[in-house]
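The data block below is entry-v5.pdb; it holds PDB, C-alpha atoms and all ligand atoms.
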```pdb
ATOM      1  CA  MET A   1     144.625 171.397  54.819
ATOM      2  CA  ILE A   2     141.496 169.308  55.390
ATOM      3  CA  ILE A   3     138.219 171.212  55.273
ATOM      4  CA  VAL A   4     135.451 169.643  57.351
ATOM      5  CA  GLY A   5     131.921 171.012  57.580
ATOM      6  CA  PHE A   6     128.240 170.267  57.922
ATOM      7  CA  LYS A   7     125.507 170.321  55.351
ATOM      8  CA  ASN A   8     121.726 170.182  55.759
ATOM      9  CA  THR A   9     119.650 168.959  52.863
ATOM     10  CA  PRO A  10     115.997 169.895  53.359
ATOM     11  CA  ARG A  11     113.359 168.116  51.317
ATOM     12  CA  ILE A  12     109.711 169.173  51.177
ATOM     13  CA  LEU A  13     107.612 166.020  50.928
ATOM     14  CA  GLY A  14     104.115 167.440  50.537
ATOM     15  CA  THR A  15     101.199 169.200  52.248
ATOM     16  CA  VAL A  16     100.042 167.187  55.251
ATOM     17  CA  ASP A  17      97.989 169.348  57.598
ATOM     18  CA  LYS A  18      96.092 172.597  58.084
ATOM     19  CA  PHE A  19      95.983 174.561  61.337
ATOM     20  CA  GLU A  20      96.725 177.968  62.811
ATOM     21  CA  CYS A  21     100.387 178.920  62.691
ATOM     22  CA  PRO A  22     101.606 180.028  66.152
ATOM     23  CA  LYS A  23     103.844 182.609  64.505
ATOM     24  CA  CYS A  24     101.921 184.303  61.661
ATOM     25  CA  LEU A  25      98.447 183.351  63.018
ATOM     26  CA  ASN A  26      97.167 182.303  59.589
ATOM     27  CA  ASN A  27      95.052 179.191  59.329
ATOM     28  CA  THR A  28      97.430 177.680  56.846
ATOM     29  CA  ASN A  29      98.697 174.539  55.151
ATOM     30  CA  TRP A  30     101.725 172.786  56.630
ATOM     31  CA  GLU A  31     104.269 170.921  54.592
ATOM     32  CA  LEU A  32     106.262 167.936  55.748
ATOM     33  CA  LEU A  33     109.987 168.557  55.720
ATOM     34  CA  SER A  34     112.791 166.075  56.109
ATOM     35  CA  VAL A  35     116.233 167.488  56.811
ATOM     36  CA  GLU A  36     119.145 165.166  56.147
ATOM     37  CA  LYS A  37     122.322 166.154  57.954
ATOM     38  CA  TYR A  38     125.777 165.280  56.694
ATOM     39  CA  LEU A  39     129.351 165.724  57.715
ATOM     40  CA  THR A  40     131.255 167.080  54.715
ATOM     41  CA  LEU A  41     134.840 166.724  53.651
ATOM     42  CA  PHE A  42     135.996 169.303  51.127
ATOM     43  CA  PHE A  43     132.316 170.306  50.765
ATOM     44  CA  ILE A  44     131.298 166.769  49.744
ATOM     45  CA  PRO A  45     128.718 165.068  52.005
ATOM     46  CA  ILE A  46     130.439 162.000  53.472
ATOM     47  CA  ILE A  47     128.803 160.800  56.683
ATOM     48  CA  PRO A  48     125.077 161.096  57.426
ATOM     49  CA  THR A  49     124.671 162.417  60.976
ATOM     50  CA  GLY A  50     120.964 161.850  61.326
ATOM     51  CA  ASN A  51     117.671 163.285  60.185
ATOM     52  CA  GLU A  52     115.465 165.976  61.579
ATOM     53  CA  TYR A  53     111.721 165.997  60.941
ATOM     54  CA  ASN A  54     109.763 169.234  60.804
ATOM     55  CA  ILE A  55     106.577 170.698  59.470
ATOM     56  CA  ILE A  56     106.796 174.107  57.896
ATOM     57  CA  CYS A  57     104.162 176.866  57.643
ATOM     58  CA  ALA A  58     103.387 177.463  53.958
ATOM     59  CA  ILE A  59     103.073 181.219  54.545
ATOM     60  CA  CYS A  60     105.800 182.405  56.937
ATOM     61  CA  LYS A  61     108.029 179.291  56.750
ATOM     62  CA  HIS A  62     108.017 178.884  60.523
ATOM     63  CA  GLN A  63     109.048 175.309  61.430
ATOM     64  CA  GLU A  64     107.811 173.027  64.180
ATOM     65  CA  ILE A  65     109.826 169.968  65.163
ATOM     66  CA  LEU A  66     108.054 166.610  64.916
ATOM     67  CA  SER A  67     108.618 163.421  66.852
ATOM     68  CA  LYS A  68     109.696 160.482  64.740
ATOM     69  CA  GLN A  69     106.274 158.892  65.255
ATOM     70  CA  ASN A  70     104.469 162.037  64.105
ATOM     71  CA  PHE A  71     106.641 162.234  61.047
ATOM     72  CA  LYS A  72     105.740 158.614  60.232
ATOM     73  CA  ASN A  73     102.032 159.383  60.601
ATOM     74  CA  TYR A  74     102.227 162.367  58.273
ATOM     75  CA  ASN A  75     104.296 160.374  55.815
ATOM     76  CA  LEU A  76     101.638 157.691  55.831
ATOM     77  CA  LYS A  77      99.108 160.304  54.707
ATOM     78  CA  LEU A  78     101.298 161.145  51.707
ATOM     79  CA  ASP A  79     101.609 157.422  50.913
ATOM     80  CA  ILE A  80      97.839 156.992  51.003
ATOM     81  CA  GLU A  81      97.369 159.977  48.660
ATOM     82  CA  SER A  82      99.957 158.724  46.207
ATOM     83  CA  THR A  83      98.532 155.172  46.142
ATOM     84  CA  PHE A  84      95.127 156.717  45.535
ATOM     85  CA  SER A  85      96.382 158.946  42.727
ATOM     86  CA  GLU A  86      97.805 155.841  41.051
ATOM     87  CA  ASN A  87      94.347 154.260  41.234
ATOM     88  CA  LYS A  88      95.589 151.457  43.456
ATOM     89  CA  ILE A  89      92.937 151.981  46.136
ATOM     90  CA  SER A  90      89.305 153.110  45.974
ATOM     91  CA  GLU A  91      88.223 156.558  47.155
ATOM     92  CA  ASN A  92      86.281 154.923  49.937
ATOM     93  CA  LYS A  93      89.288 153.045  51.201
ATOM     94  CA  ARG A  94      91.447 156.170  50.929
ATOM     95  CA  ASN A  95      88.970 158.147  53.058
ATOM     96  CA  LEU A  96      88.803 155.406  55.665
ATOM     97  CA  LYS A  97      92.573 155.258  55.911
ATOM     98  CA  LEU A  98      92.923 159.056  56.049
ATOM     99  CA  ASN A  99      90.278 159.319  58.779
ATOM    100  CA  GLU A 100      92.091 156.729  60.837
ATOM    101  CA  ILE A 101      95.486 158.412  60.519
ATOM    102  CA  ASN A 102      94.012 161.896  61.117
ATOM    103  CA  ARG A 103      92.407 160.589  64.291
ATOM    104  CA  ILE A 104      95.791 159.338  65.527
ATOM    105  CA  ILE A 105      97.476 162.648  64.651
ATOM    106  CA  GLU A 106      94.807 164.711  66.441
ATOM    107  CA  GLU A 107      94.986 162.424  69.477
ATOM    108  CA  ASP A 108      98.715 162.952  69.613
ATOM    109  CA  LYS A 109      98.387 166.734  69.311
ATOM    110  CA  LYS A 110      95.914 166.697  72.206
ATOM    111  CA  ASN A 111      98.316 164.675  74.354
ATOM    112  CA  GLN A 112     101.177 167.026  73.603
ATOM    113  CA  LYS A 113      99.016 170.008  74.447
ATOM    114  CA  ASN A 114      98.034 168.429  77.773
ATOM    115  CA  ILE A 115     101.659 167.775  78.651
ATOM    116  CA  ALA A 116     102.501 171.394  77.837
ATOM    117  CA  LEU A 117      99.526 172.593  79.926
ATOM    118  CA  GLN A 118     100.479 170.567  82.993
ATOM    119  CA  GLY A 119     103.914 172.132  82.900
ATOM    120  CA  SER A 120     102.479 175.605  82.764
ATOM    121  CA  LYS A 121      99.802 175.765  85.429
ATOM    122  CA  GLU A 122     101.271 179.019  86.711
ATOM    123  CA  TRP A 123     100.881 180.572  83.256
ATOM    124  CA  SER A 124      97.246 179.535  82.945
ATOM    125  CA  ASP A 125      96.573 180.938  86.438
ATOM    126  CA  LEU A 126      98.125 184.200  85.322
ATOM    127  CA  ALA A 127      96.099 184.232  82.086
ATOM    128  CA  SER A 128      92.854 183.466  83.923
ATOM    129  CA  LYS A 129      93.243 186.694  85.913
ATOM    130  CA  LYS A 130      93.367 188.893  82.801
ATOM    131  CA  SER A 131      90.341 190.672  81.375
ATOM    132  CA  ASN A 132      89.072 189.781  77.890
ATOM    133  CA  GLU A 133      90.604 192.984  76.506
ATOM    134  CA  GLU A 134      93.969 192.250  78.094
ATOM    135  CA  LEU A 135      93.976 188.703  76.727
ATOM    136  CA  LEU A 136      93.234 189.842  73.187
ATOM    137  CA  SER A 137      95.792 192.602  73.385
ATOM    138  CA  ILE A 138      98.493 190.186  74.599
ATOM    139  CA  TYR A 139      97.633 187.627  71.943
ATOM    140  CA  PHE A 140      97.320 189.931  68.961
ATOM    141  CA  LYS A 141      99.465 192.961  69.715
ATOM    142  CA  GLU A 142     102.022 192.281  72.433
ATOM    143  CA  ARG A 143     102.934 188.654  71.849
ATOM    144  CA  HIS A 144     106.590 189.486  71.309
ATOM    145  CA  LYS A 145     106.805 190.728  74.907
ATOM    146  CA  TYR A 146     105.775 187.393  76.387
ATOM    147  CA  ASN A 147     107.284 183.925  76.447
ATOM    148  CA  PRO A 148     105.653 181.156  74.345
ATOM    149  CA  SER A 149     104.182 179.377  77.412
ATOM    150  CA  MET A 150     102.254 182.527  78.327
ATOM    151  CA  ILE A 151     100.998 182.902  74.752
ATOM    152  CA  ILE A 152      99.707 179.299  74.789
ATOM    153  CA  ALA A 153      98.030 179.905  78.150
ATOM    154  CA  VAL A 154      96.439 183.120  76.821
ATOM    155  CA  LYS A 155      95.199 181.338  73.708
ATOM    156  CA  ASN A 156      93.637 178.566  75.806
ATOM    157  CA  GLU A 157      91.988 181.112  78.066
ATOM    158  CA  ILE A 158      90.504 182.955  75.058
ATOM    159  CA  GLU A 159      89.145 179.672  73.675
ATOM    160  CA  LYS A 160      87.720 178.700  77.040
ATOM    161  CA  ARG A 161      85.848 182.008  77.389
ATOM    162  CA  LYS A 162      84.514 181.820  73.843
ATOM    163  CA  PHE A 163      82.712 178.569  74.625
ATOM    164  CA  ASN A 164      81.263 179.607  77.993
TER
HETATM  165 ZN    ZN A 201     103.202 180.961  59.674
END
```

Starting from the coordinates I provided, produce the structure as structure tokens.
Ligand SMILES: [Zn+2]
Amino acid sequence: MIIVGFKNTPRILGTVDKFECPKCLNNTNWELLSVEKYLTLFFIPIIPTGNEYNIICAICKHQEILSKQNFKNYNLKLDIESTFSENKISENKRNLKLNEINRIIEEDKKNQKNIALQGSKEWSDLASKKSNEELLSIYFKERHKYNPSMIIAVKNEIEKRKFN
């Protein structure tokens, strides 16, 4: 009998970002994770079936899927840090490079957020009709009762009111 299966080999590559985790709500470090997927024959990995790229919350281990481009950007940050630690580039040059790549990453996050927002106008309309107390209660106590789009809309509404 031939035994065929699948195997995932996750590899943590290093800390690459810091922001609020949508699941545990901690402002936490995120680690870059590459998951290599293989088809196995008699439990031995034979054929690679592609990679998945994630970042993982250092506290609750919640994972967010990255685009290939985002993964490359984060990987570039790790490269810059390792070249710097080997004294191959100056601190000044390292900072310049990190600023540039961070700018690209933030830009991309903003674009993704805008795309998500456009698709959820009805949710933001719904959130805008809630009182401050209701918003906070949904976000901090009752989040499990709502779908993720509503939670994002609620979070945006809370941020909007904070600044006005
Ligand atoms: Zn978390």

Evaluated on this file, the PyMOL selection byres (((chain A and resi 69) around 12) and not hetatm) picks out some residues - which ones are they, written as an mmCIF file with C-alpha atoms, in the frame of the given file?
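Generated output (result-v1.cif):
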```
data_model
loop_
_atom_site.group_PDB
_atom_site.id
_atom_site.type_symbol
_atom_site.label_atom_id
_atom_site.label_comp_id
_atom_site.auth_asym_id
_atom_site.auth_seq_id
_atom_site.Cartn_x
_atom_site.Cartn_y
_atom_site.Cartn_z
ATOM 1 C CA TYR A 53 111.721 165.997 60.941
ATOM 2 C CA ASN A 54 109.763 169.234 60.804
ATOM 3 C CA ILE A 65 109.826 169.968 65.163
ATOM 4 C CA LEU A 66 108.054 166.610 64.916
ATOM 5 C CA SER A 67 108.618 163.421 66.852
ATOM 6 C CA LYS A 68 109.696 160.482 64.740
ATOM 7 C CA ASN A 70 104.469 162.037 64.105
ATOM 8 C CA PHE A 71 106.641 162.234 61.047
ATOM 9 C CA LYS A 72 105.740 158.614 60.232
ATOM 10 C CA ASN A 73 102.032 159.383 60.601
ATOM 11 C CA TYR A 74 102.227 162.367 58.273
ATOM 12 C CA ASN A 75 104.296 160.374 55.815
ATOM 13 C CA LEU A 76 101.638 157.691 55.831
ATOM 14 C CA ILE A 101 95.486 158.412 60.519
ATOM 15 C CA ILE A 104 95.791 159.338 65.527
ATOM 16 C CA ILE A 105 97.476 162.648 64.651
ATOM 17 C CA ASP A 108 98.715 162.952 69.613
ATOM 18 C CA LYS A 109 98.387 166.734 69.311
#
```

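Distance check against ligand ZN 201 (chain A) using only C-alpha atoms and all ligand atoms: of A:Glu20, A:Asp125, A:Glu159, A:Asp79, the minimum falls on A:Glu20.
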
Would you write out, as a PDB file with C-alpha atoms, keeping the file's coordinate frame, every residue that the PyMOL selection byres (((chain A and resi 35) around 12) and not hetatm) captures in this file?
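And here's part_6.pdb as it stands now:
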```
ATOM      1  CA  LYS A   7     125.507 170.321  55.351  1.00  0.00           C
ATOM      2  CA  ASN A   8     121.726 170.182  55.759  1.00  0.00           C
ATOM      3  CA  THR A   9     119.650 168.959  52.863  1.00  0.00           C
ATOM      4  CA  PRO A  10     115.997 169.895  53.359  1.00  0.00           C
ATOM      5  CA  ARG A  11     113.359 168.116  51.317  1.00  0.00           C
ATOM      6  CA  ILE A  12     109.711 169.173  51.177  1.00  0.00           C
ATOM      7  CA  LEU A  13     107.612 166.020  50.928  1.00  0.00           C
ATOM      8  CA  LEU A  32     106.262 167.936  55.748  1.00  0.00           C
ATOM      9  CA  LEU A  33     109.987 168.557  55.720  1.00  0.00           C
ATOM     10  CA  SER A  34     112.791 166.075  56.109  1.00  0.00           C
ATOM     11  CA  GLU A  36     119.145 165.166  56.147  1.00  0.00           C
ATOM     12  CA  LYS A  37     122.322 166.154  57.954  1.00  0.00           C
ATOM     13  CA  TYR A  38     125.777 165.280  56.694  1.00  0.00           C
ATOM     14  CA  PRO A  48     125.077 161.096  57.426  1.00  0.00           C
ATOM     15  CA  THR A  49     124.671 162.417  60.976  1.00  0.00           C
ATOM     16  CA  GLY A  50     120.964 161.850  61.326  1.00  0.00           C
ATOM     17  CA  ASN A  51     117.671 163.285  60.185  1.00  0.00           C
ATOM     18  CA  GLU A  52     115.465 165.976  61.579  1.00  0.00           C
ATOM     19  CA  TYR A  53     111.721 165.997  60.941  1.00  0.00           C
ATOM     20  CA  ASN A  54     109.763 169.234  60.804  1.00  0.00           C
ATOM     21  CA  ILE A  55     106.577 170.698  59.470  1.00  0.00           C
ATOM     22  CA  ILE A  56     106.796 174.107  57.896  1.00  0.00           C
ATOM     23  CA  GLN A  63     109.048 175.309  61.430  1.00  0.00           C
ATOM     24  CA  ILE A  65     109.826 169.968  65.163  1.00  0.00           C
ATOM     25  CA  LEU A  66     108.054 166.610  64.916  1.00  0.00           C
ATOM     26  CA  PHE A  71     106.641 162.234  61.047  1.00  0.00           C
TER      27      PHE A  71
END
```

Distance table requested - chain A against ligand ZN 201 (chain A), cut-off 8 Å, only C-alpha atoms and all ligand atoms: one row per qualifying residue with the closest atom pair and its distance in Å to one decimal, ordered by chain and rising residue number, as CSV.
```
residue,atom,partner,partner_atom,distance
A:Glu20,CA,A:ZN201,ZN,7.8
A:Cys21,CA,A:ZN201,ZN,4.6
A:Pro22,CA,A:ZN201,ZN,6.7
A:Lys23,CA,A:ZN201,ZN,5.1
A:Cys24,CA,A:ZN201,ZN,4.1
A:Leu25,CA,A:ZN201,ZN,6.3
A:Asn26,CA,A:ZN201,ZN,6.2
A:Thr28,CA,A:ZN201,ZN,7.2
A:Ile56,CA,A:ZN201,ZN,7.9
A:Cys57,CA,A:ZN201,ZN,4.7
A:Ala58,CA,A:ZN201,ZN,6.7
A:Ile59,CA,A:ZN201,ZN,5.1
A:Cys60,CA,A:ZN201,ZN,4.0
A:Lys61,CA,A:ZN201,ZN,5.9
A:His62,CA,A:ZN201,ZN,5.3
```

Residue with smallest distance to Ile80 in chain A - pool A:Glu106, A:Glu100, A:Glu64, A:Glu142, counting all atoms listed in the file | A:Glu100

Pick from A:Asn114, A:Asn27, A:Thr15, A:Asn99, whichever lies nearest to Leu78 in chain A using only C-alpha atoms = A:Thr15

Have a look at A:Leu98, A:Ile89, A:Lys162, A:Glu31 and name the one nearest to Lys77 in chain A; count all atoms listed in the file.
-> A:Leu98

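CA of Arg94 in chain A to CA of Trp30 in chain A spans 20.4 Å [interatomic distance, one decimal].
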
Where is the centre and how long are the edges: axis-aligned box on range 28-31 of chain A, 3 Å on each side, Å to one decimal, as JSON:
```
{"center_x": 100.8, "center_y": 174.3, "center_z": 55.7, "size_x": 12.8, "size_y": 12.8, "size_z": 8.3}
```

Which residues fall under the PyMOL selection byres (((chain A and resi 151) around 10) and not hetatm) in this file, as a VMD selection string?
-> chain A and resid 22 123 to 124 127 135 138 to 140 142 to 150 152 to 157

Could you dump the residues just selected with C-alpha atoms as an mmCIF file, in the coordinates of the input?
```cif
data_model
loop_
_atom_site.group_PDB
_atom_site.id
_atom_site.type_symbol
_atom_site.label_atom_id
_atom_site.label_comp_id
_atom_site.auth_asym_id
_atom_site.auth_seq_id
_atom_site.Cartn_x
_atom_site.Cartn_y
_atom_site.Cartn_z
ATOM 1 C CA PRO A 22 101.606 180.028 66.152
ATOM 2 C CA TRP A 123 100.881 180.572 83.256
ATOM 3 C CA SER A 124 97.246 179.535 82.945
ATOM 4 C CA ALA A 127 96.099 184.232 82.086
ATOM 5 C CA LEU A 135 93.976 188.703 76.727
ATOM 6 C CA ILE A 138 98.493 190.186 74.599
ATOM 7 C CA TYR A 139 97.633 187.627 71.943
ATOM 8 C CA PHE A 140 97.320 189.931 68.961
ATOM 9 C CA GLU A 142 102.022 192.281 72.433
ATOM 10 C CA ARG A 143 102.934 188.654 71.849
ATOM 11 C CA HIS A 144 106.590 189.486 71.309
ATOM 12 C CA LYS A 145 106.805 190.728 74.907
ATOM 13 C CA TYR A 146 105.775 187.393 76.387
ATOM 14 C CA ASN A 147 107.284 183.925 76.447
ATOM 15 C CA PRO A 148 105.653 181.156 74.345
ATOM 16 C CA SER A 149 104.182 179.377 77.412
ATOM 17 C CA MET A 150 102.254 182.527 78.327
ATOM 18 C CA ILE A 152 99.707 179.299 74.789
ATOM 19 C CA ALA A 153 98.030 179.905 78.150
ATOM 20 C CA VAL A 154 96.439 183.120 76.821
ATOM 21 C CA LYS A 155 95.199 181.338 73.708
ATOM 22 C CA ASN A 156 93.637 178.566 75.806
ATOM 23 C CA GLU A 157 91.988 181.112 78.066
#
```

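The two atoms in question, CA of Lys113 in chain A and CA of Leu126 in chain A, are spaced 17.9 Å apart.
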
Shortest interatomic distance to Glu134 in chain A - which of A:Val4, A:Asn102, A:Ile158, A:Ile47, counting all atoms listed in the file | A:Ile158

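What separates CA of Asn29 in chain A from CA of Val16 in chain A is a distance of 7.5 Å.
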
Since the input is missing atoms, can you rebuild N, CA and C atoms for range 52-64 of chain A and write them as a PDB file, in the frame of the given file?
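Printed below is rebuild.pdb as written:
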```pdb
ATOM      1  N   GLU A  52     116.356 165.202  60.741  1.00  0.00           N
ATOM      2  CA  GLU A  52     115.465 165.976  61.579  1.00  0.00           C
ATOM      3  C   GLU A  52     114.142 166.048  60.843  1.00  0.00           C
ATOM      4  N   TYR A  53     113.033 165.992  61.579  1.00  0.00           N
ATOM      5  CA  TYR A  53     111.721 165.997  60.941  1.00  0.00           C
ATOM      6  C   TYR A  53     110.927 167.206  61.402  1.00  0.00           C
ATOM      7  N   ASN A  54     110.499 168.018  60.464  1.00  0.00           N
ATOM      8  CA  ASN A  54     109.763 169.234  60.804  1.00  0.00           C
ATOM      9  C   ASN A  54     108.507 169.351  59.941  1.00  0.00           C
ATOM     10  N   ILE A  55     107.588 170.208  60.390  1.00  0.00           N
ATOM     11  CA  ILE A  55     106.577 170.698  59.470  1.00  0.00           C
ATOM     12  C   ILE A  55     106.782 172.203  59.352  1.00  0.00           C
ATOM     13  N   ILE A  56     106.474 172.709  58.170  1.00  0.00           N
ATOM     14  CA  ILE A  56     106.796 174.107  57.896  1.00  0.00           C
ATOM     15  C   ILE A  56     105.545 174.846  57.413  1.00  0.00           C
ATOM     16  N   CYS A  57     105.318 176.036  58.005  1.00  0.00           N
ATOM     17  CA  CYS A  57     104.162 176.866  57.643  1.00  0.00           C
ATOM     18  C   CYS A  57     104.330 177.338  56.194  1.00  0.00           C
ATOM     19  N   ALA A  58     103.295 177.128  55.379  1.00  0.00           N
ATOM     20  CA  ALA A  58     103.387 177.463  53.958  1.00  0.00           C
ATOM     21  C   ALA A  58     103.477 178.972  53.739  1.00  0.00           C
ATOM     22  N   ILE A  59     103.066 179.770  54.735  1.00  0.00           N
ATOM     23  CA  ILE A  59     103.073 181.219  54.545  1.00  0.00           C
ATOM     24  C   ILE A  59     104.350 181.881  55.075  1.00  0.00           C
ATOM     25  N   CYS A  60     104.640 181.681  56.378  1.00  0.00           N
ATOM     26  CA  CYS A  60     105.800 182.405  56.937  1.00  0.00           C
ATOM     27  C   CYS A  60     107.044 181.538  57.062  1.00  0.00           C
ATOM     28  N   LYS A  61     106.903 180.232  56.715  1.00  0.00           N
ATOM     29  CA  LYS A  61     108.029 179.291  56.750  1.00  0.00           C
ATOM     30  C   LYS A  61     108.516 178.967  58.160  1.00  0.00           C
ATOM     31  N   HIS A  62     107.703 179.290  59.159  1.00  0.00           N
ATOM     32  CA  HIS A  62     108.017 178.884  60.523  1.00  0.00           C
ATOM     33  C   HIS A  62     108.003 177.347  60.608  1.00  0.00           C
ATOM     34  N   GLN A  63     108.974 176.771  61.344  1.00  0.00           N
ATOM     35  CA  GLN A  63     109.048 175.309  61.430  1.00  0.00           C
ATOM     36  C   GLN A  63     108.752 174.818  62.835  1.00  0.00           C
ATOM     37  N   GLU A  64     108.027 173.698  62.907  1.00  0.00           N
ATOM     38  CA  GLU A  64     107.811 173.027  64.180  1.00  0.00           C
ATOM     39  C   GLU A  64     108.465 171.654  64.086  1.00  0.00           C
TER      40      GLU A  64
END
```
